[in-house]
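S.K.: Take this structure first; my questions come after.
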Amino acid sequence: MTSAENLQAFKREGRIVVVGASLAGLRAAEALRGAGFTGSLTMIGDEMGEPYDRPPLSKQVLTGWVPAENTKLPRRREIDAQWLLGVPASGLDLAGNHVRLADGREVPFDRVLISTGVRARPWFVESEAALDGVFVVRTREHAEALRRALAAGPSRVLVIGAGFTGSEIASVCREREIPVTVAELAPAPLVGALGAMIGDVAADMQRAHGVDLRCGVKVTRLEGDAQGRLRRAHFDDGSTIDTDVAVVALGGIRNTEWLQGSGLAAGVWGIACDTGCRALDLNGLITDDVFVAGDVARCPNPIYEYRLISLEHWANAVEQAEVAAHNMVSGQADRWPHLSIPLFWSIQFGVNIKSVGVPTFADEVVVTQGSVPDRRFVAAYGYRGRVTAAVSFNNAKWLDHYRQLIETAAPFPPPCPTPDQPADMKPVPVDFPGPTLLAQGATVVVTGHDPSERRVTAAHQHR
Amino acid sequence: MTTTETPDTLRRILDYSSRADPYPLYAELRKTPVARQEDGSYVISTYREITDILHDPHLSSDIRNLSHPTAGAEEQTTPAFINLDPPEHDRLRRMAMRHFGPPHTPGLVTGMEPALSSIVGGLIDDFAGKEQIDLVDDFAYPFPVTVICHLLGVPREDEPRFHLWVNDIIDSIDYNPKTDPKEKLDNGIQARKDLRQYIGGLVEQRHGRPGDDLLSRLANDDGPDGRMTDEEIVATANLLLIAGHETTVNLITNGMLTLLRHPQVLQRLREQPDLVVPLTEELLRYEPPVHIIPWRAAYSDITVADTVIPKGSQIMLMLASGSRDPNRFHDPDRFDPDRRDNQHLGFGSGIHLCFGGPLARRETQIALTELVRRVDRPRLVADPPQYRRSPVLRGPIHLHIEQNGN
Ligand SMILES: Cc1cc2nc3c(=O)[nH]c(=O)nc-3n(C[C@H](O)[C@H](O)[C@H](O)COP(=O)(O)OP(=O)(O)OC[C@H]3O[C@@H](n4cnc5c(N)ncnc54)[C@H](O)[C@@H]3O)c2cc1C
């Protein structure tokens with residue numbers, strides 16, 4: 001058979017398995033059917049129930065505006081899949097082409113898509129994490145449990161971590177007039193994603209809304225009472241606060257453990273792939289039949305020096321899913337690269353925050369439009385004299401323009417005056433907290449001498 | 001590559017003889033996406049370039065940023081937000097939006113649905129016994145006018161007065177010093193004055209008398225941005241009144257004309273009323289009511305498709321041409337209500353995206369569904385119909401339709 005005939009046969013009666021049945025998994029399944037794949041499609045997911053949407057979980061669900069069960073993802077088309085829900089995949093056998101499930105079943109495939117996303121990073125002391133009143137927010141159940149705790153009218157909520165999720169939760173608490181303390185190790189909220197200047201704006205915003213914001217501090221201990229209920233939190237500066245609800249918002253852990261031993265380039269940083277969403281194996285070679293999409297993927301971006309970038313963004317999950325699906329049923333010559341400029345949004349303290357590009361890929365930032373005190377502005381990020389990202393506060397309609405500046409590597413700072421421009425347009429250093437990730441332990445070691453023998457193997461985890 | 005002289009094509013588009021079918025000329029125009037005109041202005045006709053420029057913060061809607069201000073600029077009055085840039089534009093639009101849509105007034109359009117249906121129903125009831133109707137005079141005009149009067153709180157009885165003013169204003173928008181008598185321009189200026197004075201009177205009456213209509217709310221409510229001055233209210237109300245008059249009329253009329261030219265689609269709509277939602281989007285692409293944004297000003301040098309448009313230049317945006325750009329829309333000259341990814345330019349794009357878009361959509365959806373459901377075997381009397389003069393707000397001046405299969 002020619003490869004074209006092979007492909008037609010595969011589209012007609014091949015077997016595709018999707019592991020991780022959430023946003024990326026569902027959108028990929030829809031795109032596969034849309035592209036004319038009529039073979040068997042299996043969706044494996046460890047959560048029960050139909051795929052749902054996560055962004056509302058830290059926003060409309062917590063305010064009570066949208067019930068948690070109303071967050072089901074809309075279906076764009078019938079996908080006619082077999083759903084294996086409520087059981088995690090526990091292994092991937094690339095020699096035998098099957099996915100192993102935790103209950104011992106094996107699911108064979110011709111091509112597999114991995115979209116297992118991330119899970120919430122739990123509080124680091126297990127016994128404290130188990131206290132009644134300590135929450136994380138990643139799933140529908142989490143959000144519903146926290147919503148109930150907020151509705152009960154806690155005397156004070158402690159949010160640990162002032163990234164996007166933590167800040168959104170703090171915002172909801174203030175909207176519901178619940179006293180809230182936010183503890184953040186960095187000098188300001190959102191600093192890790194958007195740098196020091198925007199961090200200062202976010203800090204002002206939180207304080208203006210009555211958040212007890214404590215930066216540069218670490219929560220060291222969560223203290224419970226005899227009934228196992230959270231009562232108090234201790235900080236590394238020796239202070240304490242009384243609190244009955246703590247939300248741990250310390251980011252995510254990529255769900256890649258189940259791929260250990262699979263031979264894929266998967267680790268704490270995600271699963272490396274090419275721009276066509278094809279997974280790399282441990283040696284950095286591209287696999288043919290394994291694809292990845294969504295929060296778990298780590299994809300090179302030509303705009304950003306082909307660096308491997310993992311993003312926890314809704315739009316990125318959808319776009320990668322569509323590219324992966326297309327490539328799964330296309331021949332080599334028809335493959336698409338995933339080249340879209342990242343896009344992210346958040347809503348907090350009544351402000352719509354939106355970004356394009358990768359703000360962490362920058363050395364300078366400048367406010368180009370609007371007014372920071374009014375919290376209506378656009379700031380552009382630059383790296384070595386070209387525009388690499390932009391963020392808007394209540395000014396999102398301009399971001400298309402900045403996307404174009406990024407795509408065309410326009411000079412930074414943007415030179416021409418616009419209406420509504422701040423008087424002082426001086427770029428400042430972007431100032432992110434140090435690249436701690438590089439300091440983490442090795443994940444692989446290289447063996448062999450001859451070029452035909454050189455291989456990479458996974459290092460034992462020293463963590 | 002993009003800048004050659006095609007003044008002739010534009011002149012032909014603006015000429016009345018092209019009104020019935022400007023689309024072949026748009027295709028000609030698109031060969032030069034950014035076309036410099038003899039007078040130093042620029043015409044932009046392709047989808048990508050139009051959207052890029054509508055999202056470009058170096059583009060100004062404020063006439064004061066033109067190096068050669070256009071006709072009518074001599075008036076010294078508070079501009080409506082459509083003619084302002086941020087931050088003033090944003091502030092005024094926000095203040096108006098508070099009372100007109102989400103997040104503060106989320107139910108306004110849906111809340112009006114019963115009223116919209118009953119107005120539409122009443123107008124169609126009046127078709128009874130007539131063999132011929134003029135879809136414009138008997139339906140597409142009175143409907144949105146009634147709605148916008150109701151919404152603003154303008155007495156419907158005064159409609160004949162401001163109908164004349166609005167006509168004079170619209171005529172003066174198309175003013176061309178080379179061919180038009182100055183009288184036309186003067187009439188427009190006078191009409192603006194009269195309309196402002198009229199609305200000003202209404203606003204004055206509203207102070208201290210809170211009510212549900214937009215004028216009362218604007219005159220009495222305070223939001224986070226404070227309250228509009230009376231002059232600002234007048235400018236805003238003028239804008240909404242004129243926009244509410246002039247665009248939906250064309251959208252509905254163009255819509256019915258298109259349906260009568262595509263009887264299978266008309267039949268489908270009769271059988272599946274839900275089709276009206278994508279169908280209206282397709283209409284906004286295929287036969288939009290607003291064809292041209294006659295001017296924007298380059299606030300700085302603007303680069304579009306490798307062409308530098310110098311600061312102060314006038315820029316004309318051919319929206320209807322962009323929505324028929326084959327580089328963006330597959331088979332663009334086909335009317336296809338099933339079209340996917342239909343990001344047309346019917347309501348513009350960017351910060352000036354049509355404020356009344358949600359209302360205009362709903363009005364049109366209800367109007368077309370009911371017309372198709374209730375008018376028995378409608379037929380066009382003349383095709384093409386007679387068009388209004390304006391190349392900017394394009395639509396038939398009358399659309400005669402026979403009903404009952406006579
Ligand atoms: C509270 C919250 C708010 C957010 N807000 C925004 C926002 O405002 N804007 C924005 O752009 N993004 C936001 N995001 C991010 C966005 O939701 C994610 O980018 C998106 O969900 C990623 O989709 P995904 O399918 O890649 O991964 P996920 O949604 O994480 O789905 C992965 C799925 O795989 C399952 N899974 C994991 N391991 C296994 C296994 N071994 N076997 C089977 N199944 C497995 C998981 O349980 C999960 O169901 C938010 C996320 C959260 C949690």
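Chain labels follow the order of the structure tokens: the first chain is A, the next B, and so on; residue numbering restarts at 1 in every chain, and ligands are counted from 1 in their shown order.
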When you get a sec, could you note down which chain A residues fall within 8 Å of chain B, using only C-alpha atoms, as a list in words?

M.R.: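 Matching residues, ligands excluded from the count: Gly370, Lys397, Trp398, Leu399, Asp400, His401, Cys416, Pro417, Thr418, Pro419 and Asp420 of chain A.
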
S.K.: Please identify all protein, DNA and RNA residues within 6 Å of ligand 1, counting only C-alpha atoms and all ligand atoms, and report them as number ranges by chain.

M.R.: A: 19-25, 44-47, 54-55, 57-58, 88-90, 115-118, 137-138, 165, 255, 258, 294-296, 312-315, 317, 344-346

S.K.: Could the residues in this selection be saved with N, CA, C and O atoms as a compact mmCIF listing (two decimals), in the first residue's frame?

M.R.:
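Written file, again-v2.txt:
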```
# COMPACT_ATOMS: atom_id res chain seq x y z
N VAL A 19 -5.97 10.29 25.81
CA VAL A 19 -5.83 10.13 27.26
C VAL A 19 -5.89 11.52 27.89
O VAL A 19 -5.05 12.37 27.59
N GLY A 20 -6.90 11.74 28.74
CA GLY A 20 -7.13 13.06 29.31
C GLY A 20 -8.34 13.66 28.63
O GLY A 20 -8.24 14.24 27.55
N ALA A 21 -9.51 13.44 29.24
CA ALA A 21 -10.75 13.80 28.56
C ALA A 21 -11.28 15.13 29.09
O ALA A 21 -12.33 15.21 29.72
N SER A 22 -10.54 16.19 28.82
CA SER A 22 -11.01 17.51 29.25
C SER A 22 -10.99 18.43 28.04
O SER A 22 -11.30 17.98 26.93
N LEU A 23 -10.62 19.69 28.25
CA LEU A 23 -10.72 20.66 27.16
C LEU A 23 -9.95 20.23 25.90
O LEU A 23 -10.54 20.11 24.81
N ALA A 24 -8.66 19.95 26.04
CA ALA A 24 -7.87 19.61 24.86
C ALA A 24 -8.34 18.29 24.25
O ALA A 24 -8.47 18.17 23.03
N GLY A 25 -8.63 17.33 25.12
CA GLY A 25 -9.06 16.02 24.62
C GLY A 25 -10.36 16.12 23.82
O GLY A 25 -10.49 15.56 22.73
N ILE A 44 -10.17 8.44 27.33
CA ILE A 44 -9.85 7.95 28.66
C ILE A 44 -9.69 9.14 29.60
O ILE A 44 -8.93 10.06 29.29
N GLY A 45 -10.41 9.12 30.69
CA GLY A 45 -10.30 10.23 31.63
C GLY A 45 -10.47 9.76 33.06
O GLY A 45 -11.32 8.90 33.32
N ASP A 46 -9.69 10.33 33.96
CA ASP A 46 -9.81 9.87 35.35
C ASP A 46 -10.92 10.58 36.11
O ASP A 46 -11.30 10.18 37.19
N GLU A 47 -11.45 11.66 35.52
CA GLU A 47 -12.58 12.32 36.19
C GLU A 47 -13.88 11.70 35.71
O GLU A 47 -13.96 11.20 34.59
N ARG A 54 -12.76 24.89 32.95
CA ARG A 54 -12.17 25.26 34.24
C ARG A 54 -12.15 26.76 34.55
O ARG A 54 -12.29 27.12 35.73
N PRO A 55 -11.96 27.65 33.57
CA PRO A 55 -11.86 29.07 33.94
C PRO A 55 -12.99 29.58 34.85
O PRO A 55 -12.71 30.34 35.78
N LEU A 57 -14.32 28.13 37.21
CA LEU A 57 -14.25 27.54 38.55
C LEU A 57 -13.72 28.53 39.59
O LEU A 57 -14.17 28.54 40.73
N SER A 58 -12.76 29.35 39.18
CA SER A 58 -12.21 30.30 40.16
C SER A 58 -12.90 31.65 40.07
O SER A 58 -12.48 32.60 40.72
N PRO A 88 -7.81 6.26 35.76
CA PRO A 88 -6.64 6.87 35.13
C PRO A 88 -5.87 5.90 34.26
O PRO A 88 -5.89 4.69 34.51
N ALA A 89 -5.21 6.44 33.25
CA ALA A 89 -4.23 5.65 32.51
C ALA A 89 -3.01 5.53 33.41
O ALA A 89 -2.63 6.49 34.09
N SER A 90 -2.39 4.36 33.40
CA SER A 90 -1.23 4.18 34.28
C SER A 90 0.04 3.88 33.50
O SER A 90 1.11 3.81 34.09
N SER A 115 -3.36 14.29 26.60
CA SER A 115 -3.80 15.62 27.03
C SER A 115 -4.19 15.54 28.51
O SER A 115 -5.32 15.86 28.87
N THR A 116 -3.24 15.08 29.32
CA THR A 116 -3.57 14.83 30.73
C THR A 116 -3.41 16.07 31.60
O THR A 116 -3.63 15.99 32.82
N GLY A 117 -3.00 17.19 31.04
CA GLY A 117 -3.06 18.45 31.75
C GLY A 117 -2.23 18.50 33.02
O GLY A 117 -1.21 17.80 33.15
N VAL A 118 -2.64 19.34 33.93
CA VAL A 118 -1.95 19.46 35.21
C VAL A 118 -2.96 19.27 36.34
O VAL A 118 -4.16 19.34 36.13
N VAL A 137 -8.01 24.48 43.96
CA VAL A 137 -9.05 24.63 42.94
C VAL A 137 -8.52 24.20 41.58
O VAL A 137 -7.75 24.92 40.94
N ARG A 138 -8.86 23.03 41.17
CA ARG A 138 -8.55 22.59 39.81
C ARG A 138 -9.76 21.91 39.19
O ARG A 138 -10.03 22.06 38.02
N THR A 165 -4.83 32.30 39.66
CA THR A 165 -5.91 31.62 40.38
C THR A 165 -6.08 32.21 41.77
O THR A 165 -7.18 32.54 42.20
N ASN A 255 0.68 16.20 34.79
CA ASN A 255 0.31 14.79 34.95
C ASN A 255 1.08 13.92 33.96
O ASN A 255 0.58 13.52 32.92
N TRP A 258 2.51 8.93 34.87
CA TRP A 258 2.06 7.68 34.27
C TRP A 258 2.86 7.31 33.01
O TRP A 258 2.78 6.19 32.53
N GLY A 294 -2.29 20.71 24.99
CA GLY A 294 -2.82 21.31 26.21
C GLY A 294 -1.77 21.61 27.26
O GLY A 294 -0.58 21.73 26.95
N ASP A 295 -2.23 21.73 28.50
CA ASP A 295 -1.35 22.15 29.59
C ASP A 295 -0.15 21.23 29.77
O ASP A 295 0.88 21.64 30.30
N VAL A 296 -0.28 19.98 29.36
CA VAL A 296 0.79 19.02 29.61
C VAL A 296 1.87 19.10 28.52
O VAL A 296 2.97 18.57 28.68
N GLU A 312 -0.27 27.25 30.46
CA GLU A 312 -1.53 26.77 31.04
C GLU A 312 -2.62 27.76 30.67
O GLU A 312 -3.13 28.51 31.50
N HIS A 313 -2.91 27.78 29.36
CA HIS A 313 -3.88 28.74 28.83
C HIS A 313 -4.96 27.99 28.08
O HIS A 313 -4.68 27.11 27.28
N TRP A 314 -6.16 28.42 28.28
CA TRP A 314 -7.32 27.82 27.64
C TRP A 314 -7.17 27.79 26.11
O TRP A 314 -7.32 26.74 25.48
N ALA A 315 -6.85 28.95 25.53
CA ALA A 315 -6.81 29.04 24.06
C ALA A 315 -5.71 28.17 23.49
O ALA A 315 -5.85 27.58 22.42
N ALA A 317 -4.69 25.35 24.72
CA ALA A 317 -5.16 23.96 24.75
C ALA A 317 -6.04 23.68 23.53
O ALA A 317 -5.90 22.64 22.87
N PHE A 344 -4.00 34.91 26.87
CA PHE A 344 -4.50 34.53 28.19
C PHE A 344 -5.38 35.65 28.73
O PHE A 344 -5.16 36.82 28.44
N TRP A 345 -6.41 35.25 29.50
CA TRP A 345 -7.22 36.29 30.14
C TRP A 345 -7.52 35.92 31.58
O TRP A 345 -7.42 34.76 31.96
N SER A 346 -7.88 36.92 32.34
CA SER A 346 -8.29 36.70 33.73
C SER A 346 -9.19 37.85 34.11
O SER A 346 -9.11 38.93 33.53
```

S.K.: Can you list, as a list in words, every protein, DNA or RNA residue that comes within 10 Å of Pro332 in chain B when you count only C-alpha atoms, leaving out same-chain residues fewer than 5 positions away?

M.R.: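 Counting only C-alpha atoms, the residues come to Arg285, Tyr286, Gly322, Ser323, Arg324, Asp325, Pro326, Asn327 and Arg339 of chain B.
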
S.K.: As a list in words, please: every residue in range 24-102 of chain B that a backbone DSSP assignment puts in alpha helix (DSSP H).

M.R.: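 Everything in range 24-102 of chain B that counts as alpha helix (DSSP H) is Pro24, Leu25, Tyr26, Ala27, Glu28, Leu29, Arg30, Tyr47, Arg48, Glu49, Ile50, Thr51, Asp52, Ile53, Leu54, Glu88, His89, Asp90, Arg91, Leu92, Arg93, Arg94, Met95, Ala96 and Met97 of chain B.
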
S.K.: Restricting the output to N, CA, C and O atoms, write the selected residues as a compact mmCIF listing (two decimals), in the first residue's frame.

M.R.:
```txt
# COMPACT_ATOMS: atom_id res chain seq x y z
N PRO B 24 -18.34 44.33 -8.13
CA PRO B 24 -17.23 44.15 -9.09
C PRO B 24 -16.18 45.26 -8.96
O PRO B 24 -14.99 45.00 -9.13
N LEU B 25 -16.63 46.46 -8.64
CA LEU B 25 -15.67 47.55 -8.47
C LEU B 25 -14.82 47.34 -7.21
O LEU B 25 -13.64 47.66 -7.19
N TYR B 26 -15.44 46.79 -6.17
CA TYR B 26 -14.66 46.48 -4.97
C TYR B 26 -13.56 45.48 -5.33
O TYR B 26 -12.43 45.58 -4.84
N ALA B 27 -13.91 44.50 -6.17
CA ALA B 27 -12.91 43.50 -6.55
C ALA B 27 -11.74 44.17 -7.26
O ALA B 27 -10.57 43.85 -7.03
N GLU B 28 -12.07 45.14 -8.08
CA GLU B 28 -11.03 45.88 -8.77
C GLU B 28 -10.16 46.65 -7.77
O GLU B 28 -8.94 46.66 -7.86
N LEU B 29 -10.85 47.23 -6.82
CA LEU B 29 -10.16 48.03 -5.80
C LEU B 29 -9.21 47.16 -4.97
O LEU B 29 -8.12 47.58 -4.60
N ARG B 30 -9.63 45.93 -4.69
CA ARG B 30 -8.82 45.05 -3.83
C ARG B 30 -7.49 44.67 -4.46
O ARG B 30 -6.60 44.21 -3.76
N TYR B 47 -9.59 42.64 3.49
CA TYR B 47 -10.01 42.26 4.84
C TYR B 47 -8.90 42.42 5.86
O TYR B 47 -9.04 43.07 6.89
N ARG B 48 -7.79 41.78 5.56
CA ARG B 48 -6.67 41.76 6.50
C ARG B 48 -6.23 43.18 6.85
O ARG B 48 -6.04 43.55 8.01
N GLU B 49 -6.08 44.00 5.82
CA GLU B 49 -5.59 45.36 6.04
C GLU B 49 -6.62 46.21 6.79
O GLU B 49 -6.27 47.01 7.64
N ILE B 50 -7.90 46.00 6.47
CA ILE B 50 -8.93 46.77 7.19
C ILE B 50 -8.94 46.38 8.66
O ILE B 50 -8.95 47.24 9.55
N THR B 51 -8.92 45.08 8.94
CA THR B 51 -8.94 44.70 10.36
C THR B 51 -7.68 45.16 11.06
O THR B 51 -7.75 45.69 12.17
N ASP B 52 -6.54 45.00 10.41
CA ASP B 52 -5.31 45.48 11.05
C ASP B 52 -5.44 46.94 11.43
O ASP B 52 -5.13 47.34 12.55
N ILE B 53 -5.94 47.71 10.50
CA ILE B 53 -5.94 49.15 10.76
C ILE B 53 -7.02 49.52 11.79
O ILE B 53 -6.81 50.42 12.60
N LEU B 54 -8.12 48.81 11.79
CA LEU B 54 -9.15 49.12 12.80
C LEU B 54 -8.67 48.77 14.21
O LEU B 54 -9.23 49.24 15.20
N GLU B 88 -11.31 59.80 25.95
CA GLU B 88 -12.66 60.39 25.94
C GLU B 88 -13.68 59.43 25.34
O GLU B 88 -14.79 59.26 25.85
N HIS B 89 -13.31 58.81 24.22
CA HIS B 89 -14.20 57.85 23.58
C HIS B 89 -14.60 56.75 24.56
O HIS B 89 -15.77 56.44 24.72
N ASP B 90 -13.60 56.19 25.21
CA ASP B 90 -13.86 55.07 26.11
C ASP B 90 -14.80 55.49 27.24
O ASP B 90 -15.72 54.77 27.59
N ARG B 91 -14.53 56.67 27.77
CA ARG B 91 -15.32 57.14 28.91
C ARG B 91 -16.79 57.32 28.49
O ARG B 91 -17.70 56.82 29.15
N LEU B 92 -17.01 58.01 27.39
CA LEU B 92 -18.40 58.28 26.97
C LEU B 92 -19.11 57.00 26.54
O LEU B 92 -20.29 56.79 26.85
N ARG B 93 -18.41 56.17 25.83
CA ARG B 93 -19.03 54.92 25.38
C ARG B 93 -19.39 54.06 26.59
O ARG B 93 -20.45 53.45 26.65
N ARG B 94 -18.48 54.04 27.56
CA ARG B 94 -18.73 53.27 28.78
C ARG B 94 -19.97 53.80 29.51
O ARG B 94 -20.82 53.05 29.96
N MET B 95 -20.05 55.11 29.59
CA MET B 95 -21.18 55.71 30.32
C MET B 95 -22.50 55.41 29.61
O MET B 95 -23.51 55.18 30.25
N ALA B 96 -22.45 55.43 28.27
CA ALA B 96 -23.68 55.12 27.52
C ALA B 96 -23.98 53.63 27.65
O ALA B 96 -25.14 53.22 27.84
N MET B 97 -22.95 52.81 27.56
CA MET B 97 -23.13 51.37 27.60
C MET B 97 -23.73 50.90 28.92
O MET B 97 -24.46 49.91 28.96
```

S.K.: If we count only C-alpha atoms and set the cut-off at 9 Å, which residues sit around range 183-191 of chain A, ignoring sequence neighbours fewer than 2 positions away in its own chain? Please answer as an NGL selection string.

M.R.: :A and (158-164 or 166-167 or 181 or 193-203 or 206 or 212-219 or 235 or 431-433)

S.K.: Excluding Ala20 in chain B and residues on its chain fewer than 5 positions from it, collect all residues at most 9 Å away from it, counting only C-alpha atoms, and give them as a VMD selection string.

M.R.: chain B and resid 384 to 387 395 to 396

S.K.: If we count only C-alpha atoms and set the cut-off at 9 Å, which residues sit around Ala35 in chain A, ignoring sequence neighbours fewer than 2 positions away in its own chain? Please answer as a PDB file with N, CA, C and O atoms, in the first residue's frame.

M.R.:
```pdb
ATOM      1  N   LYS A  11      -7.774   6.592   8.333  1.00  0.00           N
ATOM      2  CA  LYS A  11      -8.891   7.520   8.596  1.00  0.00           C
ATOM      3  C   LYS A  11     -10.218   6.771   8.650  1.00  0.00           C
ATOM      4  O   LYS A  11     -11.124   7.126   9.380  1.00  0.00           O
ATOM      5  N   GLU A  30     -13.368  16.308  18.606  1.00  0.00           N
ATOM      6  CA  GLU A  30     -14.283  16.970  17.668  1.00  0.00           C
ATOM      7  C   GLU A  30     -13.573  17.268  16.344  1.00  0.00           C
ATOM      8  O   GLU A  30     -14.131  17.063  15.265  1.00  0.00           O
ATOM      9  N   ALA A  31     -12.344  17.733  16.452  1.00  0.00           N
ATOM     10  CA  ALA A  31     -11.610  18.061  15.228  1.00  0.00           C
ATOM     11  C   ALA A  31     -11.297  16.802  14.420  1.00  0.00           C
ATOM     12  O   ALA A  31     -11.303  16.840  13.194  1.00  0.00           O
ATOM     13  N   LEU A  32     -11.044  15.698  15.101  1.00  0.00           N
ATOM     14  CA  LEU A  32     -10.778  14.447  14.381  1.00  0.00           C
ATOM     15  C   LEU A  32     -11.989  14.047  13.552  1.00  0.00           C
ATOM     16  O   LEU A  32     -11.877  13.698  12.375  1.00  0.00           O
ATOM     17  N   ARG A  33     -13.142  14.092  14.184  1.00  0.00           N
ATOM     18  CA  ARG A  33     -14.358  13.755  13.431  1.00  0.00           C
ATOM     19  C   ARG A  33     -14.592  14.766  12.321  1.00  0.00           C
ATOM     20  O   ARG A  33     -14.987  14.399  11.214  1.00  0.00           O
ATOM     21  N   PHE A  37     -12.300  11.581  10.262  1.00  0.00           N
ATOM     22  CA  PHE A  37     -11.860  10.324  10.860  1.00  0.00           C
ATOM     23  C   PHE A  37     -13.091   9.524  11.296  1.00  0.00           C
ATOM     24  O   PHE A  37     -13.888   9.991  12.106  1.00  0.00           O
ATOM     25  N   ALA A 325      -4.983  17.160  16.198  1.00  0.00           N
ATOM     26  CA  ALA A 325      -5.988  16.327  15.535  1.00  0.00           C
ATOM     27  C   ALA A 325      -5.776  16.334  14.033  1.00  0.00           C
ATOM     28  O   ALA A 325      -5.800  15.290  13.379  1.00  0.00           O
ATOM     29  N   HIS A 326      -5.547  17.516  13.498  1.00  0.00           N
ATOM     30  CA  HIS A 326      -5.312  17.603  12.054  1.00  0.00           C
ATOM     31  C   HIS A 326      -4.123  16.727  11.657  1.00  0.00           C
ATOM     32  O   HIS A 326      -4.183  15.950  10.707  1.00  0.00           O
ATOM     33  N   VAL A 329      -4.362  12.845  11.392  1.00  0.00           N
ATOM     34  CA  VAL A 329      -5.025  12.222  10.245  1.00  0.00           C
ATOM     35  C   VAL A 329      -4.529  12.807   8.922  1.00  0.00           C
ATOM     36  O   VAL A 329      -5.220  12.749   7.916  1.00  0.00           O
TER      37      VAL A 329
END
```

S.K.: With only C-alpha atoms as the atoms that count, which of B:Gln132, B:Lys193, B:Trp165, B:Phe347 lies nearest to Val381 in chain B?

M.R.: B:Gln132

S.K.: With only C-alpha atoms as the counted atoms, please give the residues lying no more than 7 Å from Ser172 in chain B, apart from itself and same-chain residues fewer than 4 positions off, as a ChimeraX atom specification.

M.R.: /B:168,184-185,188

S.K.: Suppose we keep N, CA, C and O atoms; can you now write the selection as a PDB file, in the first residue's frame?

M.R.:
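Contents of the output file out.pdb:
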```
ATOM      1  N   ASP B 168     -31.278  65.163   5.897  1.00  0.00           N
ATOM      2  CA  ASP B 168     -30.333  66.218   5.506  1.00  0.00           C
ATOM      3  C   ASP B 168     -28.938  65.906   6.033  1.00  0.00           C
ATOM      4  O   ASP B 168     -27.932  66.159   5.363  1.00  0.00           O
ATOM      5  N   LYS B 184     -26.488  71.874   0.105  1.00  0.00           N
ATOM      6  CA  LYS B 184     -26.638  70.557   0.704  1.00  0.00           C
ATOM      7  C   LYS B 184     -25.856  70.467   2.017  1.00  0.00           C
ATOM      8  O   LYS B 184     -26.345  69.958   3.032  1.00  0.00           O
ATOM      9  N   LEU B 185     -24.669  70.980   1.959  1.00  0.00           N
ATOM     10  CA  LEU B 185     -23.833  70.990   3.150  1.00  0.00           C
ATOM     11  C   LEU B 185     -24.468  71.862   4.229  1.00  0.00           C
ATOM     12  O   LEU B 185     -24.549  71.486   5.402  1.00  0.00           O
ATOM     13  N   GLY B 188     -27.298  70.289   5.921  1.00  0.00           N
ATOM     14  CA  GLY B 188     -26.827  69.316   6.904  1.00  0.00           C
ATOM     15  C   GLY B 188     -26.439  69.991   8.198  1.00  0.00           C
ATOM     16  O   GLY B 188     -26.798  69.531   9.287  1.00  0.00           O
TER      17      GLY B 188
END
```

S.K.: Using CA of Thr287 in chain A and CA of Arg77 in chain A as the two end points, give the distance in Å to one decimal.

M.R.: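 Calculated distance between CA of Thr287 in chain A and CA of Arg77 in chain A is 29.1 Å.
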
S.K.: Compare B:Leu380, B:Cys354, B:Leu195, B:Leu215 by their minimum atom-to-atom distance to Glu131 in chain B, counting only C-alpha atoms, and give me the closest one.

M.R.: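 Between B:Leu380, B:Cys354, B:Leu195, B:Leu215, the residue approaching Glu131 in chain B most closely is B:Leu380.
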
S.K.: What residues in range 155-334 of chain B get the DSSP label strand (DSSP E)? Please answer as a PyMOL selection string.

M.R.: chain B and resi 293-298+302-304+307-309+314-317

S.K.: Using only C-alpha atoms, which of B:Asn176, B:Val234, B:Arg268, B:Pro142 sits nearest Pro160 in chain B?

M.R.: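 That would be B:Pro142, the residue with the smallest distance to Pro160 in chain B.
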
S.K.: Nearest to Phe81 in chain B: which of B:Thr236, B:Ser41, B:Thr32, B:Thr179 is it, counting only C-alpha atoms?

M.R.: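 Among B:Thr236, B:Ser41, B:Thr32, B:Thr179, it is B:Thr236 that comes nearest to Phe81 in chain B.
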
S.K.: Have a look at CA of Leu308 in chain A and CA of Ile347 in chain A and let me know their distance in Å, one decimal.

M.R.: 27.6 Å
